[in-house]
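One file, structure-v3.txt, carrying compact mmCIF, C-alpha atoms:
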# COMPACT_ATOMS: atom_id res chain seq x y z
CA MET L 12 157.26 112.35 84.29
CA ASN L 13 158.79 115.62 85.35
CA ALA L 14 158.15 117.31 88.67
CA THR L 15 155.91 120.06 87.40
CA GLY L 16 153.97 118.05 84.87
CA GLN L 17 153.18 118.67 81.26
CA LEU L 18 150.40 118.30 78.74
CA GLU L 19 151.10 116.82 75.35
CA HIS L 20 148.99 116.62 72.20
CA GLU L 21 149.66 115.51 68.66
CA VAL L 22 147.67 116.03 65.50
CA TYR L 23 148.29 115.09 61.88
CA ILE L 24 147.41 117.78 59.33
CA GLU L 25 147.21 117.09 55.63
CA ALA L 26 149.18 120.16 54.54
CA PRO L 27 152.86 121.04 54.15
CA GLN L 28 154.77 122.57 57.08
CA PRO L 29 154.85 126.16 55.69
CA THR L 30 151.06 126.17 55.41
CA VAL L 31 150.65 124.97 58.98
CA PHE L 32 153.30 127.40 60.21
CA ALA L 33 151.43 130.30 58.61
CA PHE L 34 148.29 129.39 60.56
CA LEU L 35 150.30 129.56 63.76
CA THR L 36 152.08 132.85 63.11
CA ASP L 37 149.85 134.96 60.86
CA PRO L 38 147.21 136.80 62.95
CA GLU L 39 144.59 136.71 60.18
CA LYS L 40 145.01 132.98 59.74
CA MET L 41 145.15 132.30 63.45
CA VAL L 42 141.68 133.73 64.08
CA LYS L 43 140.31 131.11 61.70
CA TRP L 44 140.96 128.58 64.43
CA MET L 45 141.72 130.42 67.67
CA GLY L 46 140.52 133.64 69.22
CA ILE L 47 138.60 136.68 68.12
CA THR L 48 141.61 138.90 67.60
CA SER L 49 145.29 138.20 67.81
CA GLU L 50 148.44 140.27 67.86
CA LEU L 51 151.52 138.20 67.08
CA ASP L 52 155.18 139.16 66.88
CA PRO L 53 156.64 135.72 66.15
CA ARG L 54 160.34 136.21 66.75
CA GLU L 55 162.51 135.59 69.78
CA GLY L 56 161.50 138.09 72.47
CA GLY L 57 158.35 139.09 70.58
CA ILE L 58 155.03 139.28 72.41
CA TYR L 59 151.72 137.70 71.46
CA ARG L 60 148.26 138.50 72.74
CA VAL L 61 145.26 136.45 71.70
CA ASN L 62 141.75 137.42 72.73
CA ILE L 63 140.15 133.99 73.03
CA ASP L 64 136.56 134.97 73.83
CA ASN L 65 136.63 138.49 75.34
CA ARG L 66 136.97 136.86 78.77
CA HIS L 67 140.16 134.93 78.34
CA ILE L 68 143.18 136.66 76.88
CA ALA L 69 146.24 134.51 76.34
CA ARG L 70 149.53 136.37 76.44
CA GLY L 71 153.20 135.57 76.50
CA THR L 72 156.59 135.91 74.86
CA TYR L 73 158.13 133.95 72.02
CA GLN L 74 161.26 132.20 73.23
CA GLU L 75 162.27 130.50 70.01
CA VAL L 76 160.90 130.60 66.47
CA ARG L 77 162.29 128.45 63.64
CA PRO L 78 160.27 129.01 60.46
CA ASN L 79 158.17 125.97 59.44
CA ASP L 80 159.73 123.97 62.24
CA LEU L 81 159.36 125.11 65.82
CA ILE L 82 157.66 127.71 68.02
CA VAL L 83 158.32 128.05 71.75
CA PHE L 84 156.51 130.61 73.87
CA SER L 85 155.69 131.39 77.48
CA PHE L 86 152.02 131.05 78.20
CA GLY L 87 149.74 132.88 80.60
CA TRP L 88 146.36 134.47 80.95
CA GLU L 89 146.19 138.22 81.14
CA GLY L 90 145.02 139.25 84.58
CA GLU L 91 142.88 142.14 85.66
CA GLY L 92 145.90 143.85 87.13
CA GLY L 93 147.79 144.06 83.85
CA PRO L 94 150.13 141.96 81.78
CA VAL L 95 151.09 138.53 82.98
CA PRO L 96 154.69 138.34 84.08
CA ALA L 97 156.97 136.04 82.15
CA GLY L 98 156.27 132.67 83.64
CA ALA L 99 157.57 129.15 83.91
CA SER L 100 154.62 127.78 81.96
CA ARG L 101 155.82 127.12 78.43
CA VAL L 102 154.32 125.86 75.20
CA THR L 103 156.41 124.16 72.52
CA ILE L 104 154.89 123.48 69.10
CA THR L 105 156.91 121.27 66.78
CA LEU L 106 156.12 120.69 63.10
CA ASP L 107 157.52 117.48 61.65
CA GLU L 108 157.37 116.48 58.03
CA ALA L 109 155.05 113.49 57.68
CA PRO L 110 154.28 113.15 53.95
CA PRO L 111 151.90 114.05 52.56
CA GLY L 112 151.29 116.27 55.56
CA THR L 113 152.68 117.52 58.84
CA LYS L 114 152.71 116.12 62.35
CA VAL L 115 152.07 118.84 64.91
CA THR L 116 153.16 118.19 68.49
CA LEU L 117 152.21 120.57 71.28
CA VAL L 118 153.76 120.32 74.74
CA HIS L 119 152.66 122.61 77.58
CA ASP L 120 155.00 122.27 80.54
CA GLY L 121 155.74 124.07 83.78
CA LEU L 122 152.32 123.26 85.24
CA PRO L 123 151.75 122.05 88.78
CA GLU L 124 150.81 118.40 88.75
CA PRO L 125 148.59 117.10 91.51
CA ALA L 126 148.48 113.34 91.95
CA VAL L 127 144.77 113.38 92.57
CA GLU L 128 141.97 112.65 90.14
CA PRO L 129 139.76 115.67 89.57
CA HIS L 130 136.24 115.77 90.84
CA ARG L 131 134.16 114.63 87.91
CA GLU L 132 131.44 117.23 88.23
CA GLY L 133 133.92 120.07 88.31
CA TRP L 134 135.82 118.71 85.34
CA THR L 135 132.70 118.39 83.23
CA HIS L 136 131.60 121.89 84.13
CA TYR L 137 134.92 123.51 83.28
CA CYS L 138 135.56 121.44 80.19
CA ALA L 139 132.19 122.39 78.81
CA ARG L 140 132.99 126.05 79.37
CA LEU L 141 136.45 126.12 77.89
CA CYS L 142 135.57 123.87 74.98
CA VAL L 143 132.96 126.46 74.03
CA ALA L 144 135.53 129.22 74.48
CA ALA L 145 138.04 127.39 72.30
CA ALA L 146 135.43 127.04 69.60
CA GLY L 147 135.05 130.81 69.53
CA GLY L 148 131.78 130.95 71.44
CA ASP L 149 130.96 132.79 74.61
CA PRO L 150 130.30 130.40 77.48
CA GLY L 151 128.56 133.19 79.40
CA PRO L 152 129.10 134.09 83.04
CA ASP L 153 130.53 131.32 85.16
CA PRO L 154 127.76 130.31 87.59
CA LYS L 155 130.37 129.02 90.01
CA ARG L 156 131.65 132.55 90.51
CA MET L 157 128.32 133.93 91.62
CA MET I 21 137.37 129.47 86.48
CA ASP I 22 138.60 132.92 85.51
CA ALA I 23 139.86 133.58 89.03
CA ALA I 24 141.72 130.27 89.00
CA LEU I 25 143.28 130.93 85.60
CA LYS I 26 144.42 134.37 86.68
CA ALA I 27 145.71 133.02 89.96
CA MET I 28 147.73 130.44 88.04
CA ALA I 29 149.10 133.00 85.60
CA ASP I 30 151.65 134.26 88.10
CA PRO I 31 154.88 132.24 88.33
CA THR I 32 155.34 132.93 92.06
CA ARG I 33 151.86 131.62 92.76
CA ARG I 34 152.54 128.52 90.67
CA ALA I 35 155.71 127.96 92.67
CA ILE I 36 153.81 128.41 95.93
CA LEU I 37 151.25 125.83 94.80
CA SER I 38 153.98 123.33 93.99
CA LEU I 39 155.45 123.94 97.43
CA ILE I 40 152.20 123.33 99.30
CA LEU I 41 151.02 120.47 97.12
CA ALA I 42 152.98 117.81 98.96
CA ARG I 43 152.39 119.11 102.48
CA GLU I 44 150.92 121.93 104.51
CA ARG I 45 153.09 124.88 105.37
CA THR I 46 152.77 128.16 107.25
CA ALA I 47 153.06 131.48 105.44
CA GLY I 48 156.45 131.96 107.09
CA GLU I 49 157.76 128.67 105.76
CA ILE I 50 156.48 129.50 102.33
CA ALA I 51 158.04 132.98 102.42
CA SER I 52 161.43 131.51 103.30
CA HIS I 53 161.54 129.89 99.85
CA PHE I 54 161.11 133.16 97.98
CA ASP I 55 162.91 136.43 97.51
CA VAL I 56 159.80 138.52 97.88
CA SER I 57 158.43 140.24 100.97
CA ARG I 58 156.22 138.47 103.49
CA PRO I 59 153.25 140.78 102.72
CA ALA I 60 153.65 139.90 99.03
CA ILE I 61 153.47 136.20 99.93
CA SER I 62 150.36 136.85 102.02
CA GLN I 63 148.79 138.60 99.06
CA HIS I 64 149.61 135.65 96.78
CA LEU I 65 148.12 133.24 99.32
CA ARG I 66 144.97 135.34 99.51
CA VAL I 67 144.60 135.18 95.72
CA LEU I 68 145.09 131.40 95.77
CA LEU I 69 142.50 130.99 98.54
CA GLU I 70 139.97 133.16 96.74
CA ALA I 71 140.48 131.20 93.53
CA GLY I 72 139.88 127.95 95.40
CA LEU I 73 143.33 126.67 94.49
CA ALA I 74 144.52 126.52 98.11
CA ASP I 75 142.95 125.90 101.50
CA VAL I 76 143.96 127.05 104.97
CA ARG I 77 143.26 125.58 108.41
CA PRO I 78 144.21 126.73 111.88
CA GLU I 79 146.36 124.55 114.11
CA GLY I 80 146.91 126.15 117.48
CA THR I 81 148.23 129.61 116.76
CA ARG I 82 149.41 128.67 113.29
CA ARG I 83 147.61 128.76 109.99
CA LEU I 84 148.54 125.98 107.60
CA TYR I 85 148.20 126.34 103.85
CA ARG I 86 147.75 123.48 101.43
CA ALA I 87 147.13 123.36 97.68
CA ASN I 88 143.72 122.14 96.60
CA ALA I 89 144.90 119.29 94.42
CA SER I 90 141.56 118.55 92.81
CA ALA I 91 141.04 122.21 91.85
CA ILE I 92 144.47 122.22 90.21
CA ALA I 93 143.63 118.96 88.45
CA VAL I 94 140.43 120.50 87.10
CA LEU I 95 142.36 123.46 85.75
CA ARG I 96 144.85 121.12 84.18
CA GLN I 97 142.14 119.04 82.53
CA GLU I 98 140.59 122.22 81.27
CA LEU I 99 143.84 123.35 79.67
CA ASP I 100 144.25 119.88 78.23
CA ALA I 101 140.79 120.09 76.64
CA PHE I 102 141.56 123.62 75.44
CA TRP I 103 144.63 122.46 73.53
CA ARG I 104 142.93 119.37 72.15
CA THR I 105 140.01 121.42 70.85
CA SER I 106 142.33 124.10 69.50
CA LEU I 107 144.47 121.61 67.58
CA ASP I 108 141.36 120.00 66.08
CA ARG I 109 140.27 123.45 64.93
CA LEU I 110 143.75 124.18 63.55
CA LYS I 111 143.63 120.97 61.53
CA ALA I 112 140.17 121.79 60.17
CA ALA I 113 141.17 125.36 59.23
CA VAL I 114 144.42 124.39 57.51
CA GLU I 115 142.90 121.50 55.61
CA ALA I 116 139.96 123.65 54.50
CA GLU I 117 142.38 126.18 53.01
CA VAL I 118 144.40 123.47 51.30
CA ARG I 119 141.24 121.99 49.79
CA SER I 120 140.00 125.35 48.53
CA SER I 121 143.31 126.26 46.91
CA ARG I 122 143.97 122.83 45.49
CA PRO I 123 140.71 121.17 44.38
CA ASP I 124 142.47 117.97 43.37
CA GLY I 125 143.64 117.39 46.92
CA ILE I 126 147.23 117.00 47.96
CA GLY I 127 149.30 116.11 44.96
CA GLY I 128 152.55 117.95 45.54
CA ASP I 129 153.41 121.56 44.80
CA ASP I 130 154.45 120.84 41.23
CA GLY I 131 151.49 118.63 40.40
Just dump the structure as structure tokens.
Amino acid sequence: MNATGQLEHEVYIEAPQPTVFAFLTDPEKMVKWMGITSELDPREGGIYRVNIDNRHIARGTYQEVRPNDLIVFSFGWEGEGGPVPAGASRVTITLDEAPPGTKVTLVHDGLPEPAVEPHREGWTHYCARLCVAAAGGDPGPDPKRM
Amino acid sequence: MDAALKAMADPTRRAILSLILARERTAGEIASHFDVSRPAISQHLRVLLEAGLADVRPEGTRRLYRANASAIAVLRQELDAFWRTSLDRLKAAVEAEVRSSRPDGIGGDDG
């Protein structure tokens, strides 16, 4: 386990790599699974900006793009004060051929990793909110901020 | 949550959190690890405190800062759930398109 921690997920998709890649890099296809609007410039140095739910806007820079194969980008949330600076938090999405489909591996690293279990109530609260956001819904105002 | 996400978006603040995760430090100690001004560090610490990601306690004339490990863990779990949900949705969207363009299911591009 590295010092800053990482998240890792894997999913098998019954579709060839180019089809999956298109859903990751074509703005019109991306909004079928993530965000309300997205602006993507999927090439090294290009910027992306994905409006997740009008409250959360993900933004970062592509660091490496290999068609049908690999996408690496810095990841941050756009703040009130303007664009997020290029950060250490990084997402790597790898597409591996796994006939008849594709294995998708996502690694998010550069995150601080506390060695403490989260408070269950807080976790449930926040998970419920972001799961709704990820599904394209509006979780509404966060009662914990009031 | 939004305040915490925004607080975490800044790389200097993430580095500060890592620094004060293991043990408490004063603002001066923290500043000595960075190339930015002391007021800038104070501002970052204020943001972290307001977002609930760090705590501060007085000890004599000093103020000691420490990362709130459980708040960071919550944020981490939240991101984890975000990616898991997103990948499930990606799978559903891609497979729906494949099904609609190829009613016989996956049989190869030349089939």
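For the pair atom CA of Arg70 of chain L and atom CA of Phe86 of chain L, the interatomic distance is 6.1 Å.
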Do you have, as a Markdown table, the list of residues of chain I lying at most 10 Å from chain L, each with its nearest atom pair and that distance in Å to one decimal, counting all atoms listed in the file and ordered by chain then number?
| residue | atom | partner | partner_atom | distance |
| --- | --- | --- | --- | --- |
| I:Met21 | CA | L:Tyr137 | CA | 7.2 |
| I:Asp22 | CA | L:His67 | CA | 7.6 |
| I:Ala23 | CA | L:Arg156 | CA | 8.4 |
| I:Leu25 | CA | L:Trp88 | CA | 6.6 |
| I:Lys26 | CA | L:Gly90 | CA | 5.3 |
| I:Ala27 | CA | L:Gly90 | CA | 8.3 |
| I:Met28 | CA | L:Gly87 | CA | 8.1 |
| I:Ala29 | CA | L:Gly87 | CA | 5.0 |
| I:Asp30 | CA | L:Pro96 | CA | 6.5 |
| I:Pro31 | CA | L:Gly98 | CA | 4.9 |
| I:Thr32 | CA | L:Gly98 | CA | 8.5 |
| I:Arg34 | CA | L:Pro123 | CA | 6.8 |
| I:Ala35 | CA | L:Pro123 | CA | 8.1 |
| I:Ile36 | CA | L:Pro123 | CA | 9.8 |
| I:Leu37 | CA | L:Pro123 | CA | 7.1 |
| I:Ser38 | CA | L:Pro123 | CA | 5.8 |
| I:Leu39 | CA | L:Pro123 | CA | 9.6 |
| I:Leu41 | CA | L:Pro125 | CA | 7.0 |
| I:Ala42 | CA | L:Pro125 | CA | 8.7 |
| I:Ala71 | CA | L:Arg156 | CA | 9.4 |
| I:Ala87 | CA | L:Pro125 | CA | 8.9 |
| I:Asn88 | CA | L:Pro125 | CA | 8.7 |
| I:Ala89 | CA | L:Pro125 | CA | 5.2 |
| I:Ser90 | CA | L:Pro129 | CA | 4.7 |
| I:Ala91 | CA | L:Pro129 | CA | 7.0 |
| I:Ile92 | CA | L:Pro125 | CA | 6.7 |
| I:Ala93 | CA | L:Pro129 | CA | 5.2 |
| I:Val94 | CA | L:Trp134 | CA | 5.2 |
| I:Leu95 | CA | L:Tyr137 | CA | 7.8 |
| I:Arg96 | CA | L:Leu122 | CA | 7.8 |
| I:Gln97 | CA | L:Trp134 | CA | 6.9 |
| I:Glu98 | CA | L:Cys138 | CA | 5.2 |
| I:Leu99 | CA | L:Leu141 | CA | 8.1 |
| I:Asp100 | CA | L:Leu18 | CA | 6.4 |
| I:Ala101 | CA | L:Cys138 | CA | 6.5 |
| I:Phe102 | CA | L:Cys142 | CA | 6.0 |
| I:Trp103 | CA | L:His20 | CA | 7.4 |
| I:Arg104 | CA | L:His20 | CA | 6.7 |
| I:Thr105 | CA | L:Ala145 | CA | 6.5 |
| I:Ser106 | CA | L:Ala145 | CA | 6.1 |
| I:Leu107 | CA | L:Val22 | CA | 6.8 |
| I:Asp108 | CA | L:Val22 | CA | 7.5 |
| I:Arg109 | CA | L:Trp44 | CA | 5.2 |
| I:Leu110 | CA | L:Trp44 | CA | 5.3 |
| I:Lys111 | CA | L:Ile24 | CA | 5.4 |
| I:Ala112 | CA | L:Trp44 | CA | 8.1 |
| I:Ala113 | CA | L:Trp44 | CA | 6.1 |
| I:Val114 | CA | L:Val31 | CA | 6.4 |
| I:Glu115 | CA | L:Glu25 | CA | 6.2 |
| I:Ala116 | CA | L:Glu25 | CA | 9.8 |
| I:Glu117 | CA | L:Thr30 | CA | 9.0 |
| I:Val118 | CA | L:Ala26 | CA | 6.7 |
| I:Arg119 | CA | L:Ala26 | CA | 9.4 |
| I:Gly125 | CA | L:Glu25 | CA | 9.4 |
| I:Ile126 | CA | L:Pro111 | CA | 7.2 |
| I:Gly127 | CA | L:Pro111 | CA | 8.3 |
| I:Gly128 | CA | L:Pro111 | CA | 8.1 |
| I:Asp129 | CA | L:Pro27 | CA | 9.4 |
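Residue nearest Asn62 of chain L within the list L:Gln28, L:Pro78, L:Thr36, L:Ile47: L:Ile47 [criterion: smallest interatomic distance, only C-alpha atoms].
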As a check of understanding: the span from atom CA of Leu84 of chain I to atom CA of His53 of chain I is 15.6 Å
List as a ChimeraX atom specification the protein and nucleic acid residues near Phe54 of chain I, meaning an atom at most 12 Å away when all atoms listed in the file are counted, but skip any in the same chain fewer than 3 places from it. /I:31-33,35-36,39,47-51,57-61,64
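Counting from atom CA of Tyr59 of chain L, the distance to atom CA of Tyr73 of chain L is 7.4 Å.
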Using all atoms listed in the file, which of the listed residues (I:Val56, I:Ala24, I:Ala74, I:Val67) sits closest to Glu44 of chain I? I:Ala74
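Comparing L:Asp80, L:Gly56, L:Glu39, L:Thr72 by their smallest distance to Asp107 of chain L, the closest is L:Asp80 (using all atoms listed in the file).
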